[in-house]
Each structure stands twice: as structure tokens, then as C-alpha cells.
file data-v4.cif (mmCIF, C-alpha atoms, pLDDT in the B column; chains and numbers go by the auth columns)
data_start
#
loop_
_atom_site.group_PDB
_atom_site.id
_atom_site.type_symbol
_atom_site.label_atom_id
_atom_site.label_comp_id
_atom_site.label_asym_id
_atom_site.label_seq_id
_atom_site.Cartn_x
_atom_site.Cartn_y
_atom_site.Cartn_z
_atom_site.B_iso_or_equiv
_atom_site.auth_seq_id
_atom_site.auth_asym_id
ATOM 1 C CA GLY A 1 -86.705 74.965 -121.341 42.00 1 G
ATOM 2 C CA ASN A 2 -87.291 78.356 -119.807 42.00 2 G
ATOM 3 C CA GLN A 3 -90.876 79.288 -120.620 48.00 3 G
ATOM 4 C CA ALA A 4 -91.398 81.873 -117.898 48.00 4 G
ATOM 5 C CA ALA A 5 -93.990 84.432 -118.950 44.00 5 G
ATOM 6 C CA THR A 6 -93.460 88.174 -118.542 48.00 6 G
ATOM 7 C CA GLY A 7 -97.142 88.864 -117.944 48.00 7 G
ATOM 8 C CA ALA A 8 -100.553 87.254 -117.755 43.00 8 G
ATOM 9 C CA PRO A 9 -102.769 87.161 -120.867 45.00 9 G
ATOM 10 C CA GLU A 10 -106.218 88.713 -121.016 48.00 10 G
ATOM 11 C CA ASN A 11 -107.719 85.251 -120.484 49.00 11 G
ATOM 12 C CA ALA A 12 -105.687 83.675 -117.685 45.00 12 G
ATOM 13 C CA ALA A 13 -107.139 80.221 -118.418 45.00 13 G
ATOM 14 C CA ASN A 14 -105.330 79.951 -121.728 52.00 14 G
ATOM 15 C CA VAL A 15 -101.697 79.441 -120.731 75.00 15 G
ATOM 16 C CA PHE A 16 -99.296 78.215 -118.130 87.00 16 G
ATOM 17 C CA ILE A 17 -97.417 81.024 -116.454 90.00 17 G
ATOM 18 C CA TYR A 18 -94.456 78.700 -115.966 93.00 18 G
ATOM 19 C CA PHE A 19 -93.340 75.463 -117.629 94.00 19 G
ATOM 20 C CA ASP A 20 -90.017 73.690 -117.222 95.00 20 G
ATOM 21 C CA ASP A 21 -89.035 70.402 -118.871 95.00 21 G
ATOM 22 C CA PHE A 22 -85.459 70.683 -117.530 95.00 22 G
ATOM 23 C CA SER A 23 -83.988 70.306 -121.000 91.00 23 G
ATOM 24 C CA GLY A 24 -81.329 73.002 -120.648 88.00 24 G
ATOM 25 C CA ALA A 25 -77.831 72.703 -119.299 88.00 25 G
ATOM 26 C CA MET A 26 -78.592 74.219 -115.892 90.00 26 G
ATOM 27 C CA LEU A 27 -81.414 75.334 -113.606 92.00 27 G
ATOM 28 C CA ASN A 28 -83.495 78.178 -114.949 92.00 28 G
ATOM 29 C CA ASP A 29 -83.712 81.463 -113.107 93.00 29 G
ATOM 30 C CA GLY A 30 -86.096 81.512 -110.191 95.00 30 G
ATOM 31 C CA TRP A 31 -85.264 78.100 -108.706 96.00 31 G
ATOM 32 C CA THR A 32 -83.659 77.817 -105.259 96.00 32 G
ATOM 33 C CA VAL A 33 -82.386 74.666 -103.555 94.00 33 G
ATOM 34 C CA GLY A 34 -83.217 75.023 -99.877 90.00 34 G
ATOM 35 C CA ASP A 35 -82.006 72.793 -97.049 92.00 35 G
ATOM 36 C CA ILE A 36 -84.814 72.882 -94.494 94.00 36 G
ATOM 37 C CA GLY A 37 -84.089 71.707 -90.974 92.00 37 G
ATOM 38 C CA SER A 38 -80.706 70.578 -89.712 75.00 38 G
ATOM 39 C CA GLY A 39 -78.013 68.491 -91.332 66.00 39 G
ATOM 40 C CA GLU A 40 -79.452 68.483 -94.861 73.00 40 G
ATOM 41 C CA GLN A 41 -77.229 68.214 -97.929 79.00 41 G
ATOM 42 C CA GLY A 42 -79.068 68.905 -101.168 90.00 42 G
ATOM 43 C CA ALA A 43 -78.335 69.683 -104.817 93.00 43 G
ATOM 44 C CA ALA A 44 -80.299 69.974 -108.058 95.00 44 G
ATOM 45 C CA VAL A 45 -78.921 69.524 -111.586 95.00 45 G
ATOM 46 C CA HIS A 46 -80.200 68.853 -115.089 94.00 46 G
ATOM 47 C CA LYS A 47 -79.214 65.398 -116.289 92.00 47 G
ATOM 48 C CA GLY A 48 -80.395 63.667 -119.469 89.00 48 G
ATOM 49 C CA GLY A 49 -83.481 65.833 -119.907 92.00 49 G
ATOM 50 C CA VAL A 50 -84.726 65.498 -116.330 96.00 50 G
ATOM 51 C CA LEU A 51 -84.155 67.328 -113.080 97.00 51 G
ATOM 52 C CA GLU A 52 -82.144 65.293 -110.576 97.00 52 G
ATOM 53 C CA LEU A 53 -82.670 66.370 -106.973 96.00 53 G
ATOM 54 C CA THR A 54 -80.294 64.670 -104.525 95.00 54 G
ATOM 55 C CA GLY A 55 -79.809 64.822 -100.794 91.00 55 G
ATOM 56 C CA ILE A 56 -79.574 63.457 -97.283 89.00 56 G
ATOM 57 C CA SER A 57 -81.985 64.800 -94.680 90.00 57 G
ATOM 58 C CA GLY A 58 -84.355 63.857 -91.917 90.00 58 G
ATOM 59 C CA ASP A 59 -88.072 63.330 -92.405 93.00 59 G
ATOM 60 C CA LEU A 60 -91.079 65.540 -93.060 93.00 60 G
ATOM 61 C CA GLY A 61 -94.106 65.672 -90.813 93.00 61 G
ATOM 62 C CA GLY A 62 -94.600 65.967 -87.085 94.00 62 G
ATOM 63 C CA ALA A 63 -94.112 69.466 -85.707 96.00 63 G
ATOM 64 C CA SER A 64 -91.200 70.273 -88.044 96.00 64 G
ATOM 65 C CA ASP A 65 -89.669 69.144 -91.330 96.00 65 G
ATOM 66 C CA SER A 66 -86.195 68.119 -92.412 94.00 66 G
ATOM 67 C CA LEU A 67 -85.836 67.972 -96.177 94.00 67 G
ATOM 68 C CA VAL A 68 -84.249 69.229 -99.366 95.00 68 G
ATOM 69 C CA PHE A 69 -86.620 71.585 -101.202 96.00 69 G
ATOM 70 C CA LEU A 70 -86.321 72.899 -104.746 96.00 70 G
ATOM 71 C CA TYR A 71 -88.727 75.817 -104.857 97.00 71 G
ATOM 72 C CA ARG A 72 -89.957 78.979 -106.529 97.00 72 G
ATOM 73 C CA GLU A 73 -91.363 82.054 -104.799 96.00 73 G
ATOM 74 C CA MET A 74 -94.959 82.676 -105.839 95.00 74 G
ATOM 75 C CA ALA A 75 -96.459 86.160 -106.151 93.00 75 G
ATOM 76 C CA PRO A 76 -100.031 87.157 -107.051 91.00 76 G
ATOM 77 C CA TRP A 77 -101.246 87.086 -110.640 87.00 77 G
ATOM 78 C CA ILE A 78 -103.747 89.656 -111.859 86.00 78 G
ATOM 79 C CA ASP A 79 -107.301 88.738 -112.840 84.00 79 G
ATOM 80 C CA GLY A 80 -108.623 91.960 -114.354 82.00 80 G
ATOM 81 C CA MET A 81 -107.781 94.357 -111.527 86.00 81 G
ATOM 82 C CA THR A 82 -107.755 91.727 -108.777 89.00 82 G
ATOM 83 C CA PRO A 83 -104.543 90.107 -107.475 88.00 83 G
ATOM 84 C CA LYS A 84 -104.964 86.371 -106.858 90.00 84 G
ATOM 85 C CA THR A 85 -102.831 83.594 -105.426 91.00 85 G
ATOM 86 C CA ASP A 86 -104.847 80.653 -106.767 95.00 86 G
ATOM 87 C CA TYR A 87 -102.595 78.247 -108.670 96.00 87 G
ATOM 88 C CA ILE A 88 -102.640 74.728 -110.081 96.00 88 G
ATOM 89 C CA VAL A 89 -99.252 73.022 -110.218 97.00 89 G
ATOM 90 C CA ASP A 90 -98.622 69.716 -112.012 97.00 90 G
ATOM 91 C CA ALA A 91 -95.437 67.633 -112.054 98.00 91 G
ATOM 92 C CA VAL A 92 -94.310 64.224 -113.233 97.00 92 G
ATOM 93 C CA ILE A 93 -91.966 62.375 -110.881 97.00 93 G
ATOM 94 C CA LYS A 94 -90.119 60.040 -113.232 96.00 94 G
ATOM 95 C CA ASN A 95 -87.884 57.931 -111.015 95.00 95 G
ATOM 96 C CA ALA A 96 -85.892 57.701 -107.792 94.00 96 G
ATOM 97 C CA GLY A 97 -82.744 55.941 -106.690 93.00 97 G
ATOM 98 C CA GLY A 98 -79.423 56.254 -104.938 93.00 98 G
ATOM 99 C CA SER A 99 -79.221 55.524 -101.225 93.00 99 G
ATOM 100 C CA LEU A 100 -82.834 55.858 -100.114 92.00 100 G
ATOM 101 C CA GLY A 101 -83.927 55.106 -96.583 91.00 101 G
ATOM 102 C CA ALA A 102 -87.071 53.074 -95.907 91.00 102 G
ATOM 103 C CA ALA A 103 -88.960 56.194 -94.826 91.00 103 G
ATOM 104 C CA ALA A 104 -87.775 58.319 -97.785 93.00 104 G
ATOM 105 C CA LYS A 105 -90.330 60.730 -99.269 94.00 105 G
ATOM 106 C CA MET A 106 -89.230 60.761 -102.891 91.00 106 G
ATOM 107 C CA GLY A 107 -90.330 63.847 -104.748 91.00 107 G
ATOM 108 C CA GLY A 108 -93.810 65.171 -105.294 95.00 108 G
ATOM 109 C CA LEU A 109 -95.161 68.682 -104.756 98.00 109 G
ATOM 110 C CA MET A 110 -95.150 70.975 -101.739 98.00 110 G
ATOM 111 C CA VAL A 111 -96.396 74.431 -100.831 98.00 111 G
ATOM 112 C CA ARG A 112 -95.146 76.133 -97.663 97.00 112 G
ATOM 113 C CA GLN A 113 -95.115 79.631 -96.257 97.00 113 G
ATOM 114 C CA THR A 114 -91.388 79.769 -95.479 97.00 114 G
ATOM 115 C CA THR A 115 -88.269 77.613 -95.277 96.00 115 G
ATOM 116 C CA LEU A 116 -88.530 77.440 -91.485 96.00 116 G
ATOM 117 C CA PRO A 117 -88.783 73.776 -90.398 96.00 117 G
ATOM 118 C CA ASP A 118 -92.111 74.302 -88.601 97.00 118 G
ATOM 119 C CA SER A 119 -93.755 76.360 -91.364 98.00 119 G
ATOM 120 C CA ARG A 120 -97.343 75.607 -92.329 97.00 120 G
ATOM 121 C CA MET A 121 -97.392 73.493 -95.463 98.00 121 G
ATOM 122 C CA ALA A 122 -99.182 70.944 -97.624 98.00 122 G
ATOM 123 C CA THR A 123 -97.507 68.227 -99.663 98.00 123 G
ATOM 124 C CA MET A 124 -97.935 64.960 -101.512 97.00 124 G
ATOM 125 C CA VAL A 125 -94.923 62.708 -102.020 97.00 125 G
ATOM 126 C CA ILE A 126 -94.065 59.080 -102.771 95.00 126 G
ATOM 127 C CA ARG A 127 -92.981 57.087 -99.724 94.00 127 G
ATOM 128 C CA GLN A 128 -90.390 54.369 -100.190 92.00 128 G
ATOM 129 C CA THR A 129 -91.506 51.632 -97.748 89.00 129 G
ATOM 130 C CA PRO A 130 -94.259 50.562 -97.737 91.00 130 G
ATOM 131 C CA ARG A 131 -94.875 52.056 -101.160 93.00 131 G
ATOM 132 C CA ALA A 132 -97.569 54.693 -100.965 95.00 132 G
ATOM 133 C CA ARG A 133 -98.715 58.111 -102.025 96.00 133 G
ATOM 134 C CA PHE A 134 -98.326 60.190 -98.863 97.00 134 G
ATOM 135 C CA ALA A 135 -100.161 63.487 -98.292 98.00 135 G
ATOM 136 C CA ALA A 136 -99.461 65.700 -95.273 98.00 136 G
ATOM 137 C CA LYS A 137 -100.545 69.126 -94.064 98.00 137 G
ATOM 138 C CA ARG A 138 -99.637 71.508 -91.255 98.00 138 G
ATOM 139 C CA ASP A 139 -102.362 74.132 -90.950 96.00 139 G
ATOM 140 C CA GLN A 140 -100.516 76.316 -88.438 97.00 140 G
ATOM 141 C CA ASP A 141 -96.852 77.053 -87.826 97.00 141 G
ATOM 142 C CA ALA A 142 -95.335 74.610 -85.303 97.00 142 G
ATOM 143 C CA ALA A 143 -98.471 72.429 -85.272 97.00 143 G
ATOM 144 C CA VAL A 144 -98.193 68.663 -85.664 98.00 144 G
ATOM 145 C CA ALA A 145 -98.802 67.686 -89.284 97.00 145 G
ATOM 146 C CA THR A 146 -101.562 65.246 -90.166 97.00 146 G
ATOM 147 C CA SER A 147 -101.189 62.745 -92.994 97.00 147 G
ATOM 148 C CA THR A 148 -103.086 60.403 -95.316 97.00 148 G
ATOM 149 C CA GLU A 149 -101.590 57.613 -97.397 96.00 149 G
ATOM 150 C CA LEU A 150 -102.632 55.358 -100.248 96.00 150 G
ATOM 151 C CA PRO A 151 -100.684 52.166 -101.116 96.00 151 G
ATOM 152 C CA ILE A 152 -99.594 51.900 -104.749 93.00 152 G
ATOM 153 C CA PRO A 153 -98.385 48.828 -106.679 84.00 153 G
ATOM 154 C CA GLU A 154 -96.009 50.730 -108.947 80.00 154 G
ATOM 155 C CA MET A 155 -93.677 53.542 -108.010 82.00 155 G
ATOM 156 C CA PHE A 156 -93.020 55.594 -111.149 91.00 156 G
ATOM 157 C CA PRO A 157 -93.860 57.632 -113.093 94.00 157 G
ATOM 158 C CA GLN A 158 -96.264 59.592 -110.881 95.00 158 G
ATOM 159 C CA LEU A 159 -98.387 62.550 -112.039 97.00 159 G
ATOM 160 C CA MET A 160 -99.207 64.841 -109.126 97.00 160 G
ATOM 161 C CA ARG A 161 -101.158 68.057 -108.669 97.00 161 G
ATOM 162 C CA LEU A 162 -101.105 70.784 -106.030 98.00 162 G
ATOM 163 C CA SER A 163 -103.885 73.396 -105.947 97.00 163 G
ATOM 164 C CA THR A 164 -104.039 76.619 -103.953 96.00 164 G
ATOM 165 C CA LEU A 165 -107.390 78.391 -103.684 93.00 165 G
ATOM 166 C CA ALA A 166 -108.490 81.228 -101.391 90.00 166 G
ATOM 167 C CA GLY A 167 -105.917 80.455 -98.706 91.00 167 G
ATOM 168 C CA THR A 168 -106.321 76.677 -98.906 95.00 168 G
ATOM 169 C CA ALA A 169 -104.218 73.928 -100.509 97.00 169 G
ATOM 170 C CA SER A 170 -105.113 70.447 -101.732 97.00 170 G
ATOM 171 C CA THR A 171 -103.214 67.600 -103.374 98.00 171 G
ATOM 172 C CA SER A 172 -104.278 65.063 -105.959 98.00 172 G
ATOM 173 C CA TYR A 173 -102.900 62.477 -108.367 97.00 173 G
ATOM 174 C CA SER A 174 -103.787 61.103 -111.784 96.00 174 G
ATOM 175 C CA ASP A 175 -103.204 57.744 -113.426 93.00 175 G
ATOM 176 C CA ASP A 176 -104.229 58.917 -116.899 92.00 176 G
ATOM 177 C CA GLY A 177 -103.510 62.657 -117.027 91.00 177 G
ATOM 178 C CA ILE A 178 -107.237 63.424 -117.301 92.00 178 G
ATOM 179 C CA THR A 179 -108.952 62.496 -114.046 95.00 179 G
ATOM 180 C CA TYR A 180 -107.431 63.755 -110.773 96.00 180 G
ATOM 181 C CA ILE A 181 -108.238 62.132 -107.434 97.00 181 G
ATOM 182 C CA THR A 182 -107.825 64.126 -104.228 98.00 182 G
ATOM 183 C CA LEU A 183 -105.703 62.588 -101.471 97.00 183 G
ATOM 184 C CA GLY A 184 -105.872 63.963 -97.950 95.00 184 G
ATOM 185 C CA GLU A 185 -107.865 66.809 -96.449 93.00 185 G
ATOM 186 C CA THR A 186 -107.811 70.358 -97.738 96.00 186 G
ATOM 187 C CA ALA A 187 -105.308 72.403 -95.745 96.00 187 G
ATOM 188 C CA VAL A 188 -106.379 75.872 -94.549 97.00 188 G
ATOM 189 C CA LEU A 189 -102.994 77.582 -94.716 97.00 189 G
ATOM 190 C CA ASN A 190 -103.934 81.271 -95.104 95.00 190 G
ATOM 191 C CA LEU A 191 -100.784 81.823 -97.128 93.00 191 G
ATOM 192 C CA THR A 192 -99.373 85.296 -97.613 93.00 192 G
ATOM 193 C CA THR A 193 -97.168 86.275 -100.540 93.00 193 G
ATOM 194 C CA PRO A 194 -94.567 85.375 -101.309 95.00 194 G
ATOM 195 C CA PHE A 195 -95.052 81.698 -100.533 96.00 195 G
ATOM 196 C CA LEU A 196 -93.066 78.736 -101.844 97.00 196 G
ATOM 197 C CA ILE A 197 -93.987 75.951 -104.273 98.00 197 G
ATOM 198 C CA GLY A 198 -91.668 73.184 -105.401 97.00 198 G
ATOM 199 C CA ILE A 199 -90.304 69.637 -105.224 97.00 199 G
ATOM 200 C CA PRO A 200 -89.436 68.073 -101.827 96.00 200 G
ATOM 201 C CA LEU A 201 -87.037 65.231 -101.013 95.00 201 G
ATOM 202 C CA ALA A 202 -86.833 63.869 -97.463 94.00 202 G
ATOM 203 C CA ASN A 203 -84.318 61.048 -97.118 91.00 203 G
ATOM 204 C CA ILE A 204 -83.166 59.580 -93.799 87.00 204 G
ATOM 205 C CA SER A 205 -80.167 57.620 -95.045 80.00 205 G
ATOM 206 C CA GLY A 206 -76.425 57.200 -94.728 75.00 206 G
ATOM 207 C CA GLY A 207 -75.951 58.206 -98.367 84.00 207 G
ATOM 208 C CA LYS A 208 -77.476 60.497 -100.932 90.00 208 G
ATOM 209 C CA GLY A 209 -80.794 59.558 -102.467 93.00 209 G
ATOM 210 C CA LYS A 210 -82.176 61.106 -105.625 94.00 210 G
ATOM 211 C CA VAL A 211 -85.452 61.826 -107.367 96.00 211 G
ATOM 212 C CA GLU A 212 -85.908 62.584 -111.078 97.00 212 G
ATOM 213 C CA VAL A 213 -88.533 65.095 -112.233 97.00 213 G
ATOM 214 C CA ASP A 214 -89.665 65.032 -115.876 97.00 214 G
ATOM 215 C CA TRP A 215 -91.451 68.398 -115.907 97.00 215 G
ATOM 216 C CA ILE A 216 -93.369 70.914 -113.836 97.00 216 G
ATOM 217 C CA ARG A 217 -95.987 73.456 -114.922 96.00 217 G
ATOM 218 C CA ILE A 218 -97.882 76.214 -113.122 96.00 218 G
ATOM 219 C CA ARG A 219 -101.064 77.957 -114.201 94.00 219 G
ATOM 220 C CA PRO A 220 -103.596 80.292 -112.627 92.00 220 G
ATOM 221 C CA SER A 221 -106.586 78.503 -111.128 90.00 221 G
ATOM 222 C CA VAL A 222 -109.650 79.842 -112.923 81.00 222 G
ATOM 223 C CA LEU A 223 -113.228 78.702 -113.489 67.00 223 G
ATOM 224 C CA PRO A 224 -114.185 77.160 -115.739 60.00 224 G
ATOM 225 C CA HIS A 225 -110.973 75.171 -115.964 65.00 225 G
ATOM 226 C CA PRO A 226 -109.343 75.207 -119.420 62.00 226 G
ATOM 227 C CA THR A 227 -110.047 72.192 -121.631 61.00 227 G
ATOM 228 C CA THR A 228 -108.532 70.756 -124.785 56.00 228 G
ATOM 229 C CA THR A 229 -110.592 69.785 -127.811 57.00 229 G
ATOM 230 C CA LEU A 230 -109.690 68.419 -131.238 54.00 230 G
ATOM 231 C CA GLY A 231 -110.786 70.372 -134.277 59.00 231 G
ATOM 232 C CA ASP A 232 -111.710 69.056 -137.706 64.00 232 G
ATOM 233 C CA GLN A 233 -108.995 67.199 -139.569 61.00 233 G
ATOM 234 C CA THR A 234 -107.550 69.007 -142.563 60.00 234 G
ATOM 235 C CA ASN A 235 -105.553 67.253 -145.262 60.00 235 G
ATOM 236 C CA ILE A 236 -102.581 69.203 -146.571 57.00 236 G
#

call {"tool": "encode", "arguments": {"input": "data-v4.cif", "output": "C-alpha cells"}}
result
Amino acid sequence: GNQAATGAPENAANVFIYFDDFSGAMLNDGWTVGDIGSGEQGAAVHKGGVLELTGISGDLGGASDSLVFLYREMAPWIDGMTPKTDYIVDAVIKNAGGSLGAAAKMGGLMVRQTTLPDSRMATMVIRQTPRARFAAKRDQDAAVATSTELPIPEMFPQLMRLSTLAGTASTSYSDDGITYITLGETAVLNLTTPFLIGIPLANISGGKGKVEVDWIRIRPSVLPHPTTTLGDQTNI
């Protein structure tokens, strides 16, 4: 559903500023499907309570990217009187399918400065073959991206996190929704607003591949991080 907030609360740690479980009939306002690079063909629709992102593209990494990117433009949030661009973004990648190439990068999270192919960026995705979590970063525009990967026995679902803090970006994953493990080096991106955060799909294939996203949520990054506790049980 569309849970976009109109303003930040007094305590920014208390809420998500955006949550989308893709339960409506169509994409909520604020989403854009971008075809980055050359020859991409991408689309995003709601289907059965998930987001289905489909496309044919090249690959991501190297000195430039070729991918389908579903993204939102991010502006500063206000902490007291101070504008900040520190965010924590979580998403669950539920499944993938269609015509996926061996090198397909099937969903995940990405932050990038622009939709130019050689834009600085940081991302973590699921690679098709061999199966792995794949983190990449490009610290400067047109630089060659560096990457780190971690083999995984099971593909889906995958809970991923992207964090931006003081001009940097890092990626992590969780197997239990509680503990997050960083993958790859922190990227020093020096992002300026607006920058872009969203779901990538890179698929070198003769046909359209797809990735299904269960939900995505965005909150301000504050310290201490918000926690959840159970209160006393009350019988009614």
C-alpha cells in the first residue's frame, strides 16, 4: 500500500518514511522504471501482492552499467534544523524467473547518483550462476566498479539492506531479520541530492527475466537505532 509520509515526526527513529508492500493495483506515485545503458527493455507491475520487475539488459559492473532500475528520488530529511541524507533501506526479494541468463543479477538494492551508465553507485544483488550474493561499488563516475561475492545454497527469499551515511553507502544481508552482515567495502560516493535508490535487474538473455519483490521500506538512519520490545501481556 501507499504509506508515504507527508513529513518527518519529532523523533525520526520511530517510523519509516516510506513503506510499500505492492498490494495495490498499480505502482504508487514516486516510482520510475529506468532503462540504464543501451538496449534495455524493462517494466514493473503489481502481480499477486508482489512487485514484478521484468527486463532484458546487459550487465552491471565494470566502467558502466546496463540494467533495468526501479527507483525513487531521495531528498534530505530534517533532523531538528539539519537536513540529512542518511537512510536505511530494507527489501525482501521473493523470487526470480523467466528467461534469466547465467550472469543475471536478480534484484536487490542499489543507490546511484544518476541514471547515466557510468554513474557512481553501490549495490547488492543475487547472481544467477554460480549462486551468490554479489556486492559492487563504483566510487567515482566512469571508474571501474569493484565487487565482492558470497556463495549461497538457497536463492530466495533474500532480505537485503542498503545504508547511506555521511556520503558513504554500504550493503548487508540478514538470514533472520535481526542480525545484518555487511558484504563488500563501504563505498565513498559523496552523493548529492537528489540521488536514486531502488531495485536493479541486470539480465543478459535472449528473453525477459523477472524478479519479484515482496516489500521495501525506507527510514532515516539515526543513532541509537530503533528497537522493538514486547510489553506485558494483558488479558482482555

call {"tool": "residues_around", "arguments": {"input": "data-v4.cif", "residues": "stretch 61-70 of chain G", "least_positions_apart": "4", "cutoff": "9 Å", "atoms": "all atoms listed in the file", "output": "PDB file with C-alpha atoms, in the coordinates of the input"}}
result
ATOM      1  CA  TRP G  31     -85.264  78.100-108.706  1.00 96.00           C
ATOM      2  CA  THR G  32     -83.659  77.817-105.259  1.00 96.00           C
ATOM      3  CA  VAL G  33     -82.386  74.666-103.555  1.00 94.00           C
ATOM      4  CA  GLY G  34     -83.217  75.023 -99.877  1.00 90.00           C
ATOM      5  CA  ASP G  35     -82.006  72.793 -97.049  1.00 92.00           C
ATOM      6  CA  ILE G  36     -84.814  72.882 -94.494  1.00 94.00           C
ATOM      7  CA  GLY G  37     -84.089  71.707 -90.974  1.00 92.00           C
ATOM      8  CA  SER G  38     -80.706  70.578 -89.712  1.00 75.00           C
ATOM      9  CA  GLY G  39     -78.013  68.491 -91.332  1.00 66.00           C
ATOM     10  CA  GLU G  40     -79.452  68.483 -94.861  1.00 73.00           C
ATOM     11  CA  GLN G  41     -77.229  68.214 -97.929  1.00 79.00           C
ATOM     12  CA  GLY G  42     -79.068  68.905-101.168  1.00 90.00           C
ATOM     13  CA  ALA G  43     -78.335  69.683-104.817  1.00 93.00           C
ATOM     14  CA  ALA G  44     -80.299  69.974-108.058  1.00 95.00           C
ATOM     15  CA  LEU G  53     -82.670  66.370-106.973  1.00 96.00           C
ATOM     16  CA  THR G  54     -80.294  64.670-104.525  1.00 95.00           C
ATOM     17  CA  GLY G  55     -79.809  64.822-100.794  1.00 91.00           C
ATOM     18  CA  ILE G  56     -79.574  63.457 -97.283  1.00 89.00           C
ATOM     19  CA  SER G  57     -81.985  64.800 -94.680  1.00 90.00           C
ATOM     20  CA  MET G 110     -95.150  70.975-101.739  1.00 98.00           C
ATOM     21  CA  THR G 115     -88.269  77.613 -95.277  1.00 96.00           C
ATOM     22  CA  LEU G 116     -88.530  77.440 -91.485  1.00 96.00           C
ATOM     23  CA  PRO G 117     -88.783  73.776 -90.398  1.00 96.00           C
ATOM     24  CA  ASP G 118     -92.111  74.302 -88.601  1.00 97.00           C
ATOM     25  CA  SER G 119     -93.755  76.360 -91.364  1.00 98.00           C
ATOM     26  CA  ALA G 136     -99.461  65.700 -95.273  1.00 98.00           C
ATOM     27  CA  LYS G 137    -100.545  69.126 -94.064  1.00 98.00           C
ATOM     28  CA  ARG G 138     -99.637  71.508 -91.255  1.00 98.00           C
ATOM     29  CA  ASP G 141     -96.852  77.053 -87.826  1.00 97.00           C
ATOM     30  CA  ALA G 142     -95.335  74.610 -85.303  1.00 97.00           C
ATOM     31  CA  ALA G 143     -98.471  72.429 -85.272  1.00 97.00           C
ATOM     32  CA  VAL G 144     -98.193  68.663 -85.664  1.00 98.00           C
ATOM     33  CA  ALA G 145     -98.802  67.686 -89.284  1.00 97.00           C
ATOM     34  CA  THR G 146    -101.562  65.246 -90.166  1.00 97.00           C
ATOM     35  CA  SER G 147    -101.189  62.745 -92.994  1.00 97.00           C
ATOM     36  CA  ILE G 197     -93.987  75.951-104.273  1.00 98.00           C
ATOM     37  CA  GLY G 198     -91.668  73.184-105.401  1.00 97.00           C
ATOM     38  CA  ILE G 199     -90.304  69.637-105.224  1.00 97.00           C
ATOM     39  CA  PRO G 200     -89.436  68.073-101.827  1.00 96.00           C
ATOM     40  CA  LEU G 201     -87.037  65.231-101.013  1.00 95.00           C
ATOM     41  CA  ALA G 202     -86.833  63.869 -97.463  1.00 94.00           C
ATOM     42  CA  ASN G 203     -84.318  61.048 -97.118  1.00 91.00           C
TER      43      ASN G 203
END

call {"tool": "closest_atom_pairs", "arguments": {"input": "data-v4.cif", "of": "stretch 26-134 of chain G", "to": "stretch 156-168 of chain G", "cutoff": "10 Å", "atoms": "all atoms listed in the file", "output": "CSV"}}
result
residue,atom,partner,partner_atom,distance
G:Lys84,CA,G:Ala166,CA,8.3
G:Thr85,CA,G:Leu165,CA,7.1
G:Asp86,CA,G:Leu165,CA,4.6
G:Tyr87,CA,G:Thr164,CA,5.2
G:Ile88,CA,G:Ser163,CA,4.5
G:Val89,CA,G:Leu162,CA,5.1
G:Asp90,CA,G:Arg161,CA,4.5
G:Ala91,CA,G:Met160,CA,5.5
G:Val92,CA,G:Leu159,CA,4.6
G:Ile93,CA,G:Gln158,CA,5.1
G:Lys94,CA,G:Pro157,CA,4.5
G:Asn95,CA,G:Phe156,CA,5.6
G:Ala96,CA,G:Phe156,CA,8.2
G:Gly107,CA,G:Gln158,CA,9.5
G:Gly108,CA,G:Met160,CA,6.6
G:Leu109,CA,G:Leu162,CA,6.4
G:Met110,CA,G:Leu162,CA,7.3
G:Val111,CA,G:Leu162,CA,7.9
G:Ala122,CA,G:Leu162,CA,8.6
G:Thr123,CA,G:Leu162,CA,7.7
G:Met124,CA,G:Met160,CA,7.7
G:Val125,CA,G:Met160,CA,8.6
G:Ile126,CA,G:Gln158,CA,8.4
G:Arg133,CA,G:Gln158,CA,9.3

call {"tool": "residues_around", "arguments": {"input": "data-v4.cif", "residues": "stretch 97-104 of chain G", "least_positions_apart": "3", "cutoff": "7 Å", "atoms": "all atoms listed in the file", "output": "PyMOL selection string"}}
result
chain G and resi 127-129+202-205+207-211

call {"tool": "atom_distance", "arguments": {"input": "data-v4.cif", "atom1": "atom CA of G:Leu196", "atom2": "atom CA of G:Glu73"}}
result
4.8 Å

call {"tool": "atom_distance", "arguments": {"input": "data-v4.cif", "atom1": "atom CA of G:Gly80", "atom2": "atom CA of G:Leu189"}}
result
25.0 Å

call {"tool": "atom_distance", "arguments": {"input": "data-v4.cif", "atom1": "atom CA of G:Thr186", "atom2": "atom CA of G:Ala169"}}
result
5.8 Å

call {"tool": "resolve_selection", "arguments": {"input": "data-v4.cif", "expression": "the PyMOL selection byres ((chain G and resi 26-28) around 12)", "output": "PyMOL selection string"}}
result
chain G and resi 1-4+18-25+29-33+43-53+70-72

call {"tool": "decode", "arguments": {"input": "data-v4.cif", "residues": "stretch 147-154 of chain G", "atoms": "N, CA, C and O atoms", "output": "compact mmCIF listing (two decimals), in the first residue's frame"}}
result
# COMPACT_ATOMS: atom_id res chain seq x y z
N SER G 147 33.99 -5.47 -6.82
CA SER G 147 32.90 -6.32 -6.36
C SER G 147 33.38 -7.35 -5.35
O SER G 147 34.57 -7.68 -5.28
N THR G 148 32.44 -7.84 -4.55
CA THR G 148 32.65 -8.90 -3.58
C THR G 148 31.46 -9.85 -3.68
O THR G 148 30.32 -9.40 -3.88
N GLU G 149 31.71 -11.15 -3.56
CA GLU G 149 30.60 -12.09 -3.65
C GLU G 149 30.68 -13.14 -2.55
O GLU G 149 31.74 -13.40 -1.99
N LEU G 150 29.52 -13.71 -2.25
CA LEU G 150 29.41 -14.73 -1.22
C LEU G 150 28.47 -15.82 -1.71
O LEU G 150 27.28 -15.57 -1.91
N PRO G 151 28.97 -17.04 -1.94
CA PRO G 151 28.10 -18.13 -2.41
C PRO G 151 26.98 -18.40 -1.42
O PRO G 151 27.15 -18.28 -0.19
N ILE G 152 25.81 -18.76 -1.93
CA ILE G 152 24.66 -19.08 -1.09
C ILE G 152 24.04 -20.38 -1.57
O ILE G 152 23.94 -20.63 -2.77
N PRO G 153 23.57 -21.24 -0.65
CA PRO G 153 22.96 -22.50 -1.04
C PRO G 153 21.54 -22.35 -1.57
O PRO G 153 21.11 -23.10 -2.43
N GLU G 154 20.81 -21.38 -1.04
CA GLU G 154 19.43 -21.16 -1.45
C GLU G 154 19.30 -19.78 -2.06
O GLU G 154 19.97 -18.84 -1.65
